[in-house]
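Quick look at structure14.tsv (TSV, C-alpha atoms):
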chain	number	residue	atom	x	y	z
S	22	TYR	CA	0.00	0.00	0.00
S	23	ASP	CA	1.09	3.53	-0.81
S	24	ILE	CA	-0.30	5.53	2.09
S	25	GLY	CA	-0.32	9.32	2.31
S	26	LEU	CA	-0.91	11.14	5.60
S	27	GLY	CA	-2.99	14.28	5.75
S	28	ILE	CA	-2.37	14.36	9.51
S	29	PRO	CA	0.70	14.16	11.80
S	30	ALA	CA	2.05	10.62	12.24
S	31	GLU	CA	2.55	11.15	15.99
S	32	PRO	CA	1.90	9.86	18.55
S	33	LEU	CA	2.85	6.29	17.65
S	34	PHE	CA	0.97	3.29	19.02
S	35	ARG	CA	2.74	1.68	21.95
S	36	SER	CA	1.76	-1.71	20.54
S	37	ARG	CA	-0.74	-3.04	18.03
S	38	SER	CA	-1.43	-6.64	17.03
S	39	ILE	CA	-3.21	-7.90	13.92
S	40	ASP	CA	-5.06	-11.20	13.77
S	41	PRO	CA	-3.66	-13.74	11.27
S	42	GLY	CA	-5.57	-13.70	8.01
S	43	THR	CA	-6.77	-10.11	8.39
S	44	LYS	CA	-6.85	-8.23	5.09
S	45	ALA	CA	-4.55	-5.22	4.87
S	46	VAL	CA	-7.44	-2.86	4.10
S	47	ASP	CA	-9.36	-4.11	7.17
S	48	ALA	CA	-6.30	-3.72	9.41
S	49	ILE	CA	-5.78	-0.14	8.20
S	50	ALA	CA	-9.46	0.72	8.73
S	51	LYS	CA	-9.46	-0.77	12.25
S	52	ILE	CA	-6.38	1.18	13.32
S	53	CYS	CA	-7.80	4.37	11.83
S	54	ARG	CA	-11.06	3.98	13.75
S	55	VAL	CA	-9.14	3.89	17.05
S	56	ARG	CA	-7.57	7.27	16.21
S	57	GLY	CA	-10.75	8.71	14.68
S	58	LEU	CA	-9.27	8.85	11.16
S	59	LEU	CA	-10.75	8.09	7.75
S	60	PRO	CA	-8.81	6.08	5.12
S	61	CYS	CA	-9.79	7.04	1.58
S	62	SER	CA	-8.70	6.18	-1.93
S	63	ASN	CA	-7.44	9.05	-4.05
S	64	GLY	CA	-8.78	7.33	-7.17
S	65	MET	CA	-5.30	6.34	-8.38
S	66	GLY	CA	-4.68	3.25	-6.28
S	67	LYS	CA	-3.34	5.06	-3.22
S	68	VAL	CA	-4.71	5.24	0.33
S	69	PHE	CA	-4.93	8.66	1.95
S	70	VAL	CA	-5.57	9.07	5.70
S	71	ILE	CA	-7.45	12.16	6.80
S	72	LYS	CA	-8.97	13.60	9.98
S	73	PRO	CA	-12.75	14.11	9.52
S	74	SER	CA	-12.84	17.36	11.52
S	75	ASP	CA	-10.33	18.87	9.05
S	76	CYS	CA	-12.22	17.79	5.92
S	77	PRO	CA	-13.24	20.49	3.40
S	78	ARG	CA	-16.88	21.46	3.03
S	79	GLY	CA	-18.95	20.36	0.05
S	80	PRO	CA	-22.23	21.62	-1.42
S	81	LYS	CA	-25.45	21.50	0.58
S	82	LEU	CA	-27.68	18.51	-0.13
S	83	ALA	CA	-31.37	19.42	-0.07
S	84	GLN	CA	-34.61	17.53	-0.57
S	85	GLY	CA	-36.48	19.18	-3.42
S	86	GLY	CA	-33.18	20.64	-4.64
S	87	ASN	CA	-30.16	18.71	-5.88
S	88	ILE	CA	-31.18	15.39	-4.27
S	89	VAL	CA	-32.71	13.08	-6.90
S	90	SER	CA	-33.48	10.29	-4.41
S	91	ALA	CA	-32.34	9.30	-0.96
S	92	SER	CA	-32.68	6.61	1.68
S	93	ALA	CA	-31.55	6.12	5.25
S	94	THR	CA	-30.23	3.19	7.27
S	95	TYR	CA	-30.87	3.17	11.00
S	96	ASN	CA	-29.29	0.20	12.77
S	97	SER	CA	-29.98	-0.02	16.50
S	98	ASN	CA	-28.31	-3.39	17.10
S	99	ALA	CA	-25.37	-1.79	18.93
S	100	LEU	CA	-27.46	0.64	20.99
S	101	TYR	CA	-28.20	0.19	24.70
S	102	SER	CA	-30.45	1.98	27.16
S	103	ASP	CA	-27.79	2.21	29.88
S	104	TYR	CA	-24.01	2.15	29.78
S	105	TYR	CA	-22.24	1.14	32.99
S	106	VAL	CA	-18.46	1.55	32.88
S	107	TYR	CA	-16.31	0.17	35.69
S	108	GLY	CA	-12.63	1.03	36.01
S	109	SER	CA	-9.80	-0.42	38.02
S	110	GLY	CA	-8.88	0.95	41.43
S	111	LYS	CA	-8.82	0.21	45.12
S	112	ALA	CA	-11.44	-2.24	46.39
S	113	LYS	CA	-12.96	0.32	48.78
S	114	LYS	CA	-13.13	2.99	46.12
S	115	LYS	CA	-15.34	2.04	43.19
S	116	ILE	CA	-14.59	3.86	39.95
S	117	GLN	CA	-17.70	3.80	37.80
S	118	ALA	CA	-19.86	5.88	35.47
S	119	HIS	CA	-23.38	5.57	34.07
S	120	ARG	CA	-25.03	7.07	30.99
S	121	HIS	CA	-28.67	6.63	29.95
S	122	ASP	CA	-30.16	6.71	26.43
S	123	PRO	CA	-33.92	7.37	26.67
S	124	SER	CA	-34.50	6.48	23.00
S	125	VAL	CA	-33.68	2.77	23.58
S	126	ARG	CA	-35.83	0.20	25.36
S	127	THR	CA	-34.42	-1.33	28.56
S	128	ARG	CA	-31.19	-3.00	27.49
S	129	PRO	CA	-28.16	-2.34	29.74
S	130	LEU	CA	-24.48	-2.80	28.84
S	131	VAL	CA	-21.70	-3.33	31.40
S	132	ILE	CA	-18.15	-2.44	30.36
S	133	LEU	CA	-15.03	-3.30	32.33
S	134	ASP	CA	-12.28	-0.84	31.37
S	135	THR	CA	-9.01	-1.90	32.99
S	136	ASP	CA	-7.25	1.14	31.55
S	137	ALA	CA	-9.54	3.54	33.41
S	138	VAL	CA	-8.02	4.32	36.81
S	139	ASP	CA	-9.91	7.48	37.79
S	140	LYS	CA	-13.36	9.06	37.60
S	141	ASN	CA	-12.56	11.20	34.55
S	142	SER	CA	-11.49	8.12	32.58
S	143	VAL	CA	-14.69	6.14	33.17
S	144	GLU	CA	-16.82	9.24	32.54
S	145	ALA	CA	-15.06	9.77	29.19
S	146	ARG	CA	-15.51	6.11	28.23
S	147	ALA	CA	-19.24	6.18	29.07
S	148	ASP	CA	-19.76	9.38	27.03
S	149	TRP	CA	-17.83	7.90	24.10
S	150	GLU	CA	-19.76	4.61	24.10
S	151	LEU	CA	-23.09	6.44	24.00
S	152	SER	CA	-22.02	8.90	21.31
S	153	ILE	CA	-20.11	6.51	19.03
S	154	ARG	CA	-22.81	3.82	19.03
S	155	ARG	CA	-25.51	6.33	18.16
S	156	ALA	CA	-23.44	7.79	15.33
S	157	ARG	CA	-22.28	4.50	13.80
S	158	GLY	CA	-25.86	3.28	13.54
S	159	ILE	CA	-26.83	6.03	11.09
S	160	SER	CA	-26.05	6.41	7.38
S	161	TYR	CA	-27.71	8.19	4.47
S	162	ASN	CA	-27.57	7.23	0.80
S	163	VAL	CA	-28.09	10.16	-1.55
S	164	ASN	CA	-28.30	10.04	-5.36
S	165	LEU	CA	-27.38	13.12	-7.37
S	166	LYS	CA	-27.27	14.04	-11.05
S	167	GLY	CA	-23.76	14.32	-12.52
S	168	TRP	CA	-20.30	13.49	-11.23
S	169	MET	CA	-19.19	17.07	-10.52
S	170	ARG	CA	-19.85	18.91	-7.25
S	171	ASP	CA	-18.84	22.20	-8.89
S	172	GLU	CA	-17.34	23.36	-12.17
S	173	SER	CA	-13.88	21.89	-11.52
S	174	HIS	CA	-14.17	19.16	-8.84
S	175	ILE	CA	-15.79	15.74	-8.84
S	176	TRP	CA	-17.52	14.25	-5.82
S	177	GLU	CA	-15.10	12.39	-3.56
S	178	PRO	CA	-14.95	10.91	-0.04
S	179	GLY	CA	-13.83	13.15	2.79
S	180	LEU	CA	-16.23	16.07	2.22
S	181	ILE	CA	-18.48	17.47	4.93
S	182	CYS	CA	-21.90	18.35	3.54
S	183	SER	CA	-24.99	19.80	5.14
S	184	ILE	CA	-28.03	17.61	4.43
S	185	ASP	CA	-31.62	18.83	4.65
S	186	ALA	CA	-34.08	15.95	4.10
S	187	PRO	CA	-37.27	15.92	6.23
S	188	ALA	CA	-38.36	12.66	4.58
S	189	LEU	CA	-35.38	10.97	6.23
S	190	LEU	CA	-36.34	12.41	9.65
S	191	VAL	CA	-33.67	15.09	9.31
S	192	ASP	CA	-35.85	17.98	10.47
S	193	ASP	CA	-32.99	20.48	10.65
S	194	PRO	CA	-29.92	20.62	8.35
S	195	VAL	CA	-27.01	18.64	9.83
S	196	ASP	CA	-23.39	18.21	8.79
S	197	MET	CA	-22.51	14.71	7.54
S	198	LEU	CA	-19.30	13.18	6.20
S	199	VAL	CA	-19.16	11.66	2.71
S	200	SER	CA	-17.59	8.25	3.38
S	201	LYS	CA	-18.20	6.57	0.02
S	202	VAL	CA	-18.84	7.67	-3.57
S	203	ASN	CA	-20.13	5.49	-6.40
S	204	TYR	CA	-20.11	6.86	-9.96
S	205	SER	CA	-22.44	5.45	-12.59
S	206	PHE	CA	-23.42	6.14	-16.19
S	207	ASP	CA	-26.15	4.92	-18.48
S	208	VAL	CA	-27.35	6.02	-21.92
S	209	SER	CA	-30.79	7.13	-20.72
S	210	ASN	CA	-29.86	9.22	-17.67
S	211	GLY	CA	-26.21	10.04	-18.26
S	212	GLU	CA	-23.86	10.60	-15.31
S	213	SER	CA	-25.02	10.15	-11.73
S	214	VAL	CA	-23.38	9.68	-8.35
S	215	ALA	CA	-24.42	7.87	-5.17
S	216	LEU	CA	-23.08	9.25	-1.89
S	217	THR	CA	-22.96	7.48	1.45
S	218	LEU	CA	-22.96	9.94	4.34
S	219	VAL	CA	-22.29	9.22	8.01
S	220	PRO	CA	-22.17	11.44	11.13
S	221	VAL	CA	-18.78	13.01	11.79
S	222	ASP	CA	-19.14	11.73	15.37
S	223	SER	CA	-18.77	8.15	14.08
S	224	PHE	CA	-15.01	8.81	13.80
S	225	GLU	CA	-14.57	10.19	17.31
S	226	PRO	CA	-11.31	8.73	18.73
S	227	ALA	CA	-11.47	6.27	21.61
S	228	PRO	CA	-11.07	7.97	25.04
S	229	GLU	CA	-7.60	6.52	25.65
S	230	GLU	CA	-6.42	8.27	22.48
S	231	ILE	CA	-7.59	11.76	23.43
S	232	LYS	CA	-7.70	14.02	26.44
S	233	PRO	CA	-11.17	14.41	28.04
S	234	LYS	CA	-13.03	17.44	26.70
S	235	ALA	CA	-15.20	19.50	29.03
S	236	ASN	CA	-18.70	20.53	27.92
S	237	LYS	CA	-18.34	18.82	24.57
S	238	SER	CA	-21.23	19.63	22.24
S	239	LYS	CA	-22.92	16.71	20.51
S	240	SER	CA	-23.72	16.55	16.83
S	241	LYS	CA	-27.35	17.12	15.88
S	242	ALA	CA	-27.19	13.93	13.83
S	243	VAL	CA	-27.23	11.67	16.90
S	244	ASN	CA	-30.61	13.11	17.99
S	245	VAL	CA	-32.29	11.33	15.07
S	246	TRP	CA	-32.80	8.28	17.32
S	247	THR	CA	-35.20	10.26	19.49
S	248	GLN	CA	-36.98	11.48	16.34
S	249	ILE	CA	-37.34	7.87	15.13
S	250	LYS	CA	-38.81	6.80	18.47
S	251	ASN	CA	-41.31	9.66	18.40
S	252	ALA	CA	-42.24	8.95	14.76
S	253	VAL	CA	-42.95	5.29	15.54
S	254	GLN	CA	-45.03	6.17	18.60
S	255	ASN	CA	-47.01	8.73	16.61
S	256	GLY	CA	-47.54	6.34	13.70
S	257	LYS	CA	-45.70	8.44	11.11
Re-express the file's structure as structure tokens.
Amino acid sequence: YDIGLGIPAEPLFRSRSIDPGTKAVDAIAKICRVRGLLPCSNGMGKVFVIKPSDCPRGPKLAQGGNIVSASATYNSNALYSDYYVYGSGKAKKKIQAHRHDPSVRTRPLVILDTDAVDKNSVEARADWELSIRRARGISYNVNLKGWMRDESHIWEPGLICSIDAPALLVDDPVDMLVSKVNYSFDVSNGESVALTLVPVDSFEPAPEEIKPKANKSKSKAVNVWTQIKNAVQNGK
């Protein structure tokens, strides 16, 4: 693999093992997820690693505008109602944290984090589990006319686009990351492109890879789970 880095190579992993038989592309993707990075192809056989928060902005995607058709995938298999994180510490001093997700039926998850040795660590892990599981369960597939996003650039992975699509339960425009692009052409309709968009939060680094952030704001995209629950209850 010829890999280009759009981000600093430091800090290095202290250690990292790969299971026998794992494909190179899967190993690269797994390591990138730990650091909150996105591996992309540059279209010429090379892999380029980028940081989603530093991605350039693309055009707005709007229902009734440039969106020809769209669909959404909501997968709740990895969601839990309660996240209990227990760290390591003295027997008389329990280190634990709890986060609740009201949009999920009663389904608790217990996590033993041996790397968490203080209250801040378990709090960060509980916040991350809730946020990352919500974000990774959401994706949008959007079909557009043409391959070009403007007069001189084609659509490509690694763009952050605002999407406004009430039919997909996106009541307010939210920023999403283009993670996959599929170009197609046929005689009848000409050039078209299919975009797969995911929440930027789905690439949030694991807590042990970042310093805890105080008062971190959450992406609007993760709130779609509450909107889905309300839509089902109201029979929409």
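Between atom CA of S:Pro73 and atom CA of S:Val191 lies a distance of 20.9 Å.
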Counting only C-alpha atoms, which residues in stretch 51-126 of chain S sit no more than 9 Å from stretch 134-139 of chain S? For each one, give the nearest pair of atoms and the distance in Å, sorted by chain then residue number, as a tab-separated table.
residue	atom	partner	partner_atom	distance
S:Val106	CA	S:Asp134	CA	6.8
S:Tyr107	CA	S:Asp134	CA	6.0
S:Gly108	CA	S:Ala137	CA	4.8
S:Ser109	CA	S:Val138	CA	5.2
S:Gly110	CA	S:Val138	CA	5.8
S:Ile116	CA	S:Asp139	CA	6.3
S:Gln117	CA	S:Asp139	CA	8.6
**Prompt:** So what do you get for atom CA of S:Lys81 versus atom CA of S:Ala227, distance-wise?
**Reply:**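 Atom-to-atom, atom CA of S:Lys81 to atom CA of S:Ala227, that is 29.5 Å.
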**Request:** Name the residues in contact with S:Ala48 at a cut-off of 12 Å, using all atoms listed in the file, excluding same-chain residues fewer than 4 positions from it; report them as a list in words.
**Result:**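 Listed by chain and then number, they are Tyr22, Arg37, Ser38, Ile39, Asp40, Pro41, Gly42, Thr43, Lys44, Ile52, Cys53, Arg54, Val55 and Pro60 of chain S.
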**Asked** Do you know which residues are at most 8 Å from S:Gly179 counting all atoms listed in the file, after dropping those on the same chain fewer than 5 positions away, and could you put them as a ChimeraX atom specification?
**Response** /S:59,61,71,73,76-77,198-200
For S:Leu189, work out the shell of residues within 9 Å, counting all atoms listed in the file and skipping chain neighbours fewer than 4 positions away, then give it as a CSV table (one decimal) with C-alpha atoms, in the frame of the given file.
chain,number,residue,atom,x,y,z
S,91,ALA,CA,-32.3,9.3,-1.0
S,92,SER,CA,-32.7,6.6,1.7
S,93,ALA,CA,-31.6,6.1,5.2
S,161,TYR,CA,-27.7,8.2,4.5
S,185,ASP,CA,-31.6,18.8,4.6
**Asked** With only C-alpha atoms as the basis for distance, which of S:Arg78, S:Arg155, S:His119, S:His174 is at the shortest distance from S:Asp103?
**Response**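 Result for the nearest residue to S:Asp103: S:His119.
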**Complete:** S:Ser152 proximity check over S:Lys67, S:Gly86, S:Ser209, S:Tyr104, using all atoms listed in the file: winner is S:Tyr104
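Distance-wise, atom CA of S:Thr94 and atom CA of S:Val163 end up 11.4 Å apart.
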**Prompt:** With all atoms listed in the file as the basis for distance, which of S:Val214, S:Ile159, S:Leu133, S:Ala50 is at the shortest distance from S:Ser90?
**Reply:** S:Val214
**Request:** Find the residues around S:Asp75 up to 12 Å (all atoms listed in the file counted), leave out those fewer than 5 positions away in its own chain, and share them as a PyMOL selection string.
**Result:** chain S and resi 27-28+57-59+70+179-181+198+221
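For S:Asp122, the non-local neighbours within 8 Å, defined as residues at least 6 positions apart in the same chain or in other chains and counting all atoms listed in the file, are Tyr101, Ser102, Asp103 and Leu151 of chain S.
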**Message:** Could you check which residues have any atom within 8 Å of (-26.5, 1.5, 11.6), counting all atoms listed in the file with coordinates taken straight from the file, and then list them as a PyMOL selection string?
**Reply:** chain S and resi 94-98+156-160
Give the centre and edge lengths of an axis-aligned box, in Å to one decimal, that holds all listed atoms of stretch 184-200 of chain S with 4 Å on each side, as AutoDock Vina command-line options.
--center_x -28.0 --center_y 14.4 --center_z 6.7 --size_x 28.8 --size_y 20.4 --size_z 15.9
Got a minute to add all heavy atoms to stretch 190-201 of chain S and dump it as a PDB file, in the frame of the given file?
ATOM      1  N   LEU S 190     -36.278  12.011   8.237  1.00  0.00           N
ATOM      2  CA  LEU S 190     -36.340  12.410   9.650  1.00  0.00           C
ATOM      3  C   LEU S 190     -35.205  13.350  10.033  1.00  0.00           C
ATOM      4  O   LEU S 190     -34.831  13.433  11.198  1.00  0.00           O
ATOM      5  CB  LEU S 190     -36.323  11.176  10.574  1.00  0.00           C
ATOM      6  CG  LEU S 190     -37.487  10.197  10.391  1.00  0.00           C
ATOM      7  CD1 LEU S 190     -37.348   9.028  11.360  1.00  0.00           C
ATOM      8  CD2 LEU S 190     -38.829  10.901  10.604  1.00  0.00           C
ATOM      9  N   VAL S 191     -34.661  14.050   9.044  1.00  0.00           N
ATOM     10  CA  VAL S 191     -33.670  15.090   9.310  1.00  0.00           C
ATOM     11  C   VAL S 191     -34.429  16.421   9.269  1.00  0.00           C
ATOM     12  O   VAL S 191     -34.544  17.065   8.229  1.00  0.00           O
ATOM     13  CB  VAL S 191     -32.536  15.078   8.258  1.00  0.00           C
ATOM     14  CG1 VAL S 191     -31.484  16.125   8.601  1.00  0.00           C
ATOM     15  CG2 VAL S 191     -31.902  13.701   8.183  1.00  0.00           C
ATOM     16  N   ASP S 192     -34.996  16.801  10.410  1.00  0.00           N
ATOM     17  CA  ASP S 192     -35.850  17.980  10.470  1.00  0.00           C
ATOM     18  C   ASP S 192     -35.084  19.279  10.289  1.00  0.00           C
ATOM     19  O   ASP S 192     -35.592  20.247   9.733  1.00  0.00           O
ATOM     20  CB  ASP S 192     -36.613  18.012  11.801  1.00  0.00           C
ATOM     21  CG  ASP S 192     -37.593  16.849  11.928  1.00  0.00           C
ATOM     22  OD1 ASP S 192     -38.042  16.351  10.882  1.00  0.00           O
ATOM     23  OD2 ASP S 192     -37.899  16.443  13.062  1.00  0.00           O
ATOM     24  N   ASP S 193     -33.848  19.300  10.792  1.00  0.00           N
ATOM     25  CA  ASP S 193     -32.990  20.480  10.650  1.00  0.00           C
ATOM     26  C   ASP S 193     -31.724  20.062   9.900  1.00  0.00           C
ATOM     27  O   ASP S 193     -31.240  18.942  10.059  1.00  0.00           O
ATOM     28  CB  ASP S 193     -32.611  21.048  12.016  1.00  0.00           C
ATOM     29  CG  ASP S 193     -33.827  21.497  12.810  1.00  0.00           C
ATOM     30  OD1 ASP S 193     -34.657  22.233  12.235  1.00  0.00           O
ATOM     31  OD2 ASP S 193     -33.943  21.112  13.990  1.00  0.00           O
ATOM     32  N   PRO S 194     -31.155  20.956   9.067  1.00  0.00           N
ATOM     33  CA  PRO S 194     -29.920  20.620   8.350  1.00  0.00           C
ATOM     34  C   PRO S 194     -28.812  20.207   9.319  1.00  0.00           C
ATOM     35  O   PRO S 194     -28.605  20.847  10.348  1.00  0.00           O
ATOM     36  CB  PRO S 194     -29.566  21.933   7.642  1.00  0.00           C
ATOM     37  CG  PRO S 194     -30.874  22.652   7.497  1.00  0.00           C
ATOM     38  CD  PRO S 194     -31.653  22.305   8.741  1.00  0.00           C
ATOM     39  N   VAL S 195     -28.124  19.119   9.004  1.00  0.00           N
ATOM     40  CA  VAL S 195     -27.010  18.640   9.830  1.00  0.00           C
ATOM     41  C   VAL S 195     -25.804  18.374   8.947  1.00  0.00           C
ATOM     42  O   VAL S 195     -25.943  18.059   7.767  1.00  0.00           O
ATOM     43  CB  VAL S 195     -27.386  17.359  10.607  1.00  0.00           C
ATOM     44  CG1 VAL S 195     -28.467  17.632  11.625  1.00  0.00           C
ATOM     45  CG2 VAL S 195     -27.824  16.253   9.647  1.00  0.00           C
ATOM     46  N   ASP S 196     -24.625  18.497   9.514  1.00  0.00           N
ATOM     47  CA  ASP S 196     -23.390  18.210   8.790  1.00  0.00           C
ATOM     48  C   ASP S 196     -23.098  16.716   8.825  1.00  0.00           C
ATOM     49  O   ASP S 196     -23.106  16.098   9.901  1.00  0.00           O
ATOM     50  CB  ASP S 196     -22.216  18.974   9.394  1.00  0.00           C
ATOM     51  CG  ASP S 196     -22.276  20.459   9.084  1.00  0.00           C
ATOM     52  OD1 ASP S 196     -23.004  20.839   8.149  1.00  0.00           O
ATOM     53  OD2 ASP S 196     -21.595  21.236   9.781  1.00  0.00           O
ATOM     54  N   MET S 197     -22.834  16.126   7.663  1.00  0.00           N
ATOM     55  CA  MET S 197     -22.510  14.710   7.540  1.00  0.00           C
ATOM     56  C   MET S 197     -21.253  14.563   6.705  1.00  0.00           C
ATOM     57  O   MET S 197     -20.920  15.421   5.882  1.00  0.00           O
ATOM     58  CB  MET S 197     -23.670  13.949   6.893  1.00  0.00           C
ATOM     59  CG  MET S 197     -25.006  14.084   7.595  1.00  0.00           C
ATOM     60  SD  MET S 197     -25.079  13.193   9.159  1.00  0.00           S
ATOM     61  CE  MET S 197     -25.272  11.516   8.570  1.00  0.00           C
ATOM     62  N   LEU S 198     -20.551  13.444   6.908  1.00  0.00           N
ATOM     63  CA  LEU S 198     -19.300  13.180   6.200  1.00  0.00           C
ATOM     64  C   LEU S 198     -19.539  12.211   5.054  1.00  0.00           C
ATOM     65  O   LEU S 198     -20.147  11.157   5.237  1.00  0.00           O
ATOM     66  CB  LEU S 198     -18.269  12.607   7.165  1.00  0.00           C
ATOM     67  CG  LEU S 198     -16.915  12.209   6.568  1.00  0.00           C
ATOM     68  CD1 LEU S 198     -16.152  13.457   6.125  1.00  0.00           C
ATOM     69  CD2 LEU S 198     -16.102  11.415   7.579  1.00  0.00           C
ATOM     70  N   VAL S 199     -19.070  12.558   3.863  1.00  0.00           N
ATOM     71  CA  VAL S 199     -19.160  11.660   2.710  1.00  0.00           C
ATOM     72  C   VAL S 199     -18.096  10.570   2.886  1.00  0.00           C
ATOM     73  O   VAL S 199     -16.902  10.845   2.812  1.00  0.00           O
ATOM     74  CB  VAL S 199     -18.934  12.405   1.383  1.00  0.00           C
ATOM     75  CG1 VAL S 199     -18.981  11.433   0.205  1.00  0.00           C
ATOM     76  CG2 VAL S 199     -19.976  13.503   1.201  1.00  0.00           C
ATOM     77  N   SER S 200     -18.536   9.338   3.142  1.00  0.00           N
ATOM     78  CA  SER S 200     -17.590   8.250   3.380  1.00  0.00           C
ATOM     79  C   SER S 200     -17.386   7.360   2.163  1.00  0.00           C
ATOM     80  O   SER S 200     -16.409   6.609   2.089  1.00  0.00           O
ATOM     81  CB  SER S 200     -18.059   7.378   4.551  1.00  0.00           C
ATOM     82  OG  SER S 200     -19.284   6.737   4.247  1.00  0.00           O
ATOM     83  N   LYS S 201     -18.314   7.428   1.206  1.00  0.00           N
ATOM     84  CA  LYS S 201     -18.200   6.570   0.020  1.00  0.00           C
ATOM     85  C   LYS S 201     -18.871   7.247  -1.160  1.00  0.00           C
ATOM     86  O   LYS S 201     -19.906   7.914  -1.007  1.00  0.00           O
ATOM     87  CB  LYS S 201     -18.848   5.207   0.288  1.00  0.00           C
ATOM     88  CG  LYS S 201     -18.691   4.184  -0.826  1.00  0.00           C
ATOM     89  CD  LYS S 201     -19.474   2.910  -0.530  1.00  0.00           C
ATOM     90  CE  LYS S 201     -18.978   2.228   0.721  1.00  0.00           C
ATOM     91  NZ  LYS S 201     -19.701   0.934   0.969  1.00  0.00           N
TER      92      LYS S 201
END
